[in-house]
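Asks: Below is one structure. I have some questions about it.
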Amino acid sequence: MSENPEHGEQNNNGVPAPRDETGEVIGVRKGMFGANNGGDTSGYGGLVRTVTLPGATSRPYGGWFDEVADELEGALEEQDLLPGNAIEKTVVDRGELTFHIAREHLVRVARTLRDDPALRFELCTGVSGVHFLGDKGRELHAVYHLRSITHGRLIRLEVSAPDSDPHVPSLVEVYPTNDWHERETYDFFGLVFDGHPALTRIMMPDDWQGFPQRKDYPLGGIAVEYKGAQIPAPDQRRSYS
């Protein structure tokens, strides 16, 4: 990025600065990998750690982040859309700017970011799914990475949806390259992108049951064949407990 704000991204040793722990605590993890039945062989079985999502950041954000936020809010107001209704919160965390967008306004916000001359985020490099079981009422998150080639900037949009209503609008009409990214996110996380031209599985077989990258997806039960060898399912392999 050509314009890099100063946010104290690293300390003097080149190590990323610690995350501000004043955000939203959505759960507590025990052990290194979440194993709680004696299967954790990492030696970190006694580790206890809170799961914290970054909270909203107060202005000033620093550098060009304030300029982008001002331009976006102003452009939405010109469309008679209150920024507070579209932007749920703005987060600056570890040197990155993320706008959390209400899903019903996602398409309009994305189109504004693409078309407004002062913003010009022409490229979306894809969408990634995240599943936070502890984030009640918004367990499923879709994260979009937008790049402005004109201004040399990179931001993120994030929308959330509950497990019980996993729908978000498709951005294919705004960013056509999102076509297969949305299919992959649907395939693995079960996020339904309303308006996608052909929302079908892209990696898993068409008749696959469930969404294998959700945190509540069961491990094991399916043997894998690899170069003629049969690898037992995880729940049938050697136990260290």
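Chains: A, B, ... in order of the structure tokens. Residues: from 1 per chain. Ligands: from 1, in order shown.
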Could you please write out, as a PyMOL selection string, every residue of region 39-167 of chain A that DSSP assigns to helix (DSSP H, G or I)?
Replies: chain A and resi 65-78+83-86+103-115
Asks: Neighbouring residues of region 131-138 of chain A were defined as those with any atom within 10 Å, considering only C-alpha atoms; residues of the same chain fewer than 3 positions away were excluded. Please report them as a list in words.
Replies: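 Residues meeting the cut-off are Glu24, Val25, Ile26, Gly27, Val28, Val51, Thr52, Leu53, His141, Ala142, Val159, Ser160, Ala161, Pro162, Asp163, Ser164, Asp165, Pro166, Phe189, Gln213, Arg214, Lys215 and Asp216 of chain A.
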Asks: Find the spatial neighbours of Val168 (chain A), counting only C-alpha atoms, within a cut-off of 7 Å - ignore same-chain residues fewer than 2 positions away - and output them as a list in words.
Replies: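 So, after excluding close chain neighbours, the residues are Arg103, Pro166, Ser170, Val192, Phe193 and Asp194 of chain A.
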Asks: The selected residues should be written to file as a CSV table (one decimal), in the first residue's frame (atoms: N, CA and C atoms).
Replies:
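Output file part-v8.csv is given in full below:
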```csv
chain,number,residue,atom,x,y,z
A,103,ARG,N,-26.1,-6.7,6.7
A,103,ARG,CA,-26.1,-7.5,5.5
A,103,ARG,C,-27.1,-7.0,4.5
A,166,PRO,N,-28.8,-18.3,7.5
A,166,PRO,CA,-27.4,-18.0,7.0
A,166,PRO,C,-27.4,-17.4,5.6
A,170,SER,N,-25.4,-11.7,-2.5
A,170,SER,CA,-24.3,-11.9,-3.4
A,170,SER,C,-23.7,-10.6,-3.9
A,192,VAL,N,-25.4,-18.8,2.5
A,192,VAL,CA,-26.2,-18.7,1.2
A,192,VAL,C,-26.2,-17.3,0.7
A,193,PHE,N,-25.6,-17.2,-0.5
A,193,PHE,CA,-25.4,-15.9,-1.1
A,193,PHE,C,-26.6,-15.6,-2.1
A,194,ASP,N,-27.6,-14.9,-1.6
A,194,ASP,CA,-28.8,-14.7,-2.3
A,194,ASP,C,-28.5,-13.8,-3.6
```
Asks: Please, which residues in region 136-165 of chain A fall within 8 Å of region 106-128 of chain A when counting only C-alpha atoms, and what is the closest atom pair and distance in Å to one decimal for each, ordered by chain then residue number, as a Markdown table?
Replies:
```
| residue | atom | partner | partner_atom | distance |
| --- | --- | --- | --- | --- |
| A:Ala142 | CA | A:Ser128 | CA | 5.7 |
| A:Val143 | CA | A:Ser128 | CA | 5.2 |
| A:Tyr144 | CA | A:Val127 | CA | 4.6 |
| A:His145 | CA | A:Thr125 | CA | 5.7 |
| A:Leu146 | CA | A:Cys124 | CA | 4.5 |
| A:Arg147 | CA | A:Phe121 | CA | 5.2 |
| A:Ser148 | CA | A:Phe121 | CA | 3.9 |
| A:Ile149 | CA | A:Glu122 | CA | 6.7 |
| A:Thr150 | CA | A:Arg120 | CA | 6.5 |
| A:His151 | CA | A:Arg120 | CA | 7.4 |
| A:Arg153 | CA | A:Phe121 | CA | 7.9 |
| A:Val159 | CA | A:Leu106 | CA | 7.7 |
```
Asks: Put those residues in a file: all heavy atoms, as a JSON list (two decimals), in the first residue's frame.
Replies:
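After the write, again_20.json holds the following:
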```json
[["chain", "number", "residue", "atom", "x", "y", "z"],
["A", 142, "ALA", "N", -18.90, -13.37, 6.90],
["A", 142, "ALA", "CA", -18.30, -13.32, 5.57],
["A", 142, "ALA", "C", -17.39, -12.10, 5.53],
["A", 142, "ALA", "O", -17.81, -10.99, 5.88],
["A", 142, "ALA", "CB", -19.35, -13.23, 4.48],
["A", 143, "VAL", "N", -16.13, -12.30, 5.11],
["A", 143, "VAL", "CA", -15.14, -11.24, 5.13],
["A", 143, "VAL", "C", -14.65, -11.00, 3.70],
["A", 143, "VAL", "O", -14.20, -11.93, 3.03],
["A", 143, "VAL", "CB", -13.94, -11.61, 6.04],
["A", 143, "VAL", "CG1", -12.95, -10.45, 6.10],
["A", 143, "VAL", "CG2", -14.43, -11.98, 7.44],
["A", 144, "TYR", "N", -14.74, -9.74, 3.26],
["A", 144, "TYR", "CA", -14.37, -9.35, 1.89],
["A", 144, "TYR", "C", -13.14, -8.45, 1.96],
["A", 144, "TYR", "O", -13.09, -7.51, 2.76],
["A", 144, "TYR", "CB", -15.50, -8.59, 1.21],
["A", 144, "TYR", "CG", -16.82, -9.33, 1.17],
["A", 144, "TYR", "CD1", -17.67, -9.33, 2.27],
["A", 144, "TYR", "CD2", -17.22, -10.03, 0.03],
["A", 144, "TYR", "CE1", -18.88, -10.00, 2.24],
["A", 144, "TYR", "CE2", -18.42, -10.70, -0.01],
["A", 144, "TYR", "CZ", -19.24, -10.69, 1.10],
["A", 144, "TYR", "OH", -20.44, -11.36, 1.08],
["A", 145, "HIS", "N", -12.18, -8.70, 1.09],
["A", 145, "HIS", "CA", -10.96, -7.90, 1.00],
["A", 145, "HIS", "C", -11.04, -7.04, -0.26],
["A", 145, "HIS", "O", -11.09, -7.57, -1.38],
["A", 145, "HIS", "CB", -9.72, -8.79, 0.96],
["A", 145, "HIS", "CG", -9.61, -9.72, 2.15],
["A", 145, "HIS", "ND1", -8.85, -9.41, 3.25],
["A", 145, "HIS", "CD2", -10.20, -10.91, 2.41],
["A", 145, "HIS", "CE1", -8.96, -10.39, 4.14],
["A", 145, "HIS", "NE2", -9.77, -11.30, 3.66],
["A", 146, "LEU", "N", -11.07, -5.73, -0.06],
["A", 146, "LEU", "CA", -11.22, -4.80, -1.18],
["A", 146, "LEU", "C", -9.93, -4.01, -1.37],
["A", 146, "LEU", "O", -9.38, -3.48, -0.40],
["A", 146, "LEU", "CB", -12.38, -3.83, -0.93],
["A", 146, "LEU", "CG", -13.76, -4.43, -0.62],
["A", 146, "LEU", "CD1", -14.80, -3.32, -0.50],
["A", 146, "LEU", "CD2", -14.16, -5.45, -1.67],
["A", 147, "ARG", "N", -9.51, -3.92, -2.61],
["A", 147, "ARG", "CA", -8.29, -3.18, -2.92],
["A", 147, "ARG", "C", -8.59, -2.04, -3.89],
["A", 147, "ARG", "O", -9.30, -2.24, -4.89],
["A", 147, "ARG", "CB", -7.24, -4.11, -3.53],
["A", 147, "ARG", "CG", -5.92, -3.41, -3.85],
["A", 147, "ARG", "CD", -4.86, -4.39, -4.33],
["A", 147, "ARG", "NE", -4.43, -5.29, -3.28],
["A", 147, "ARG", "CZ", -3.54, -4.97, -2.34],
["A", 147, "ARG", "NH1", -3.00, -3.75, -2.33],
["A", 147, "ARG", "NH2", -3.20, -5.85, -1.43],
["A", 148, "SER", "N", -8.03, -0.88, -3.58],
["A", 148, "SER", "CA", -8.09, 0.25, -4.49],
["A", 148, "SER", "C", -6.78, 0.33, -5.26],
["A", 148, "SER", "O", -5.73, 0.65, -4.68],
["A", 148, "SER", "CB", -8.33, 1.56, -3.72],
["A", 148, "SER", "OG", -8.18, 2.67, -4.60],
["A", 149, "ILE", "N", -6.85, 0.03, -6.52],
["A", 149, "ILE", "CA", -5.65, 0.15, -7.37],
["A", 149, "ILE", "C", -5.34, 1.62, -7.61],
["A", 149, "ILE", "O", -4.19, 2.02, -7.69],
["A", 149, "ILE", "CB", -5.87, -0.61, -8.69],
["A", 149, "ILE", "CG1", -6.14, -2.10, -8.41],
["A", 149, "ILE", "CG2", -4.67, -0.45, -9.62],
["A", 149, "ILE", "CD1", -6.53, -2.90, -9.63],
["A", 150, "THR", "N", -6.39, 2.43, -7.71],
["A", 150, "THR", "CA", -6.22, 3.86, -7.96],
["A", 150, "THR", "C", -5.46, 4.54, -6.82],
["A", 150, "THR", "O", -4.53, 5.31, -7.06],
["A", 150, "THR", "CB", -7.59, 4.55, -8.13],
["A", 150, "THR", "OG1", -8.24, 3.98, -9.27],
["A", 150, "THR", "CG2", -7.43, 6.05, -8.32],
["A", 151, "HIS", "N", -5.86, 4.24, -5.58],
["A", 151, "HIS", "CA", -5.28, 4.93, -4.43],
["A", 151, "HIS", "C", -4.28, 4.08, -3.64],
["A", 151, "HIS", "O", -3.70, 4.57, -2.67],
["A", 151, "HIS", "CB", -6.40, 5.39, -3.49],
["A", 151, "HIS", "CG", -7.40, 6.29, -4.13],
["A", 151, "HIS", "ND1", -7.08, 7.57, -4.57],
["A", 151, "HIS", "CD2", -8.72, 6.12, -4.44],
["A", 151, "HIS", "CE1", -8.16, 8.15, -5.09],
["A", 151, "HIS", "NE2", -9.16, 7.30, -5.03],
["A", 153, "ARG", "N", -4.81, 1.28, -1.69],
["A", 153, "ARG", "CA", -5.31, 1.04, -0.35],
["A", 153, "ARG", "C", -5.99, -0.32, -0.26],
["A", 153, "ARG", "O", -6.45, -0.86, -1.27],
["A", 153, "ARG", "CB", -6.30, 2.14, 0.06],
["A", 153, "ARG", "CG", -5.66, 3.52, 0.14],
["A", 153, "ARG", "CD", -6.70, 4.62, 0.26],
["A", 153, "ARG", "NE", -6.07, 5.92, 0.48],
["A", 153, "ARG", "CZ", -6.73, 7.07, 0.50],
["A", 153, "ARG", "NH1", -8.04, 7.09, 0.33],
["A", 153, "ARG", "NH2", -6.08, 8.21, 0.71],
["A", 159, "VAL", "N", -19.61, -9.00, 7.17],
["A", 159, "VAL", "CA", -21.03, -9.11, 7.47],
["A", 159, "VAL", "C", -21.24, -10.40, 8.26],
["A", 159, "VAL", "O", -20.45, -11.34, 8.17],
["A", 159, "VAL", "CB", -21.91, -9.13, 6.20],
["A", 159, "VAL", "CG1", -21.77, -7.83, 5.43],
["A", 159, "VAL", "CG2", -21.54, -10.31, 5.30]]
```
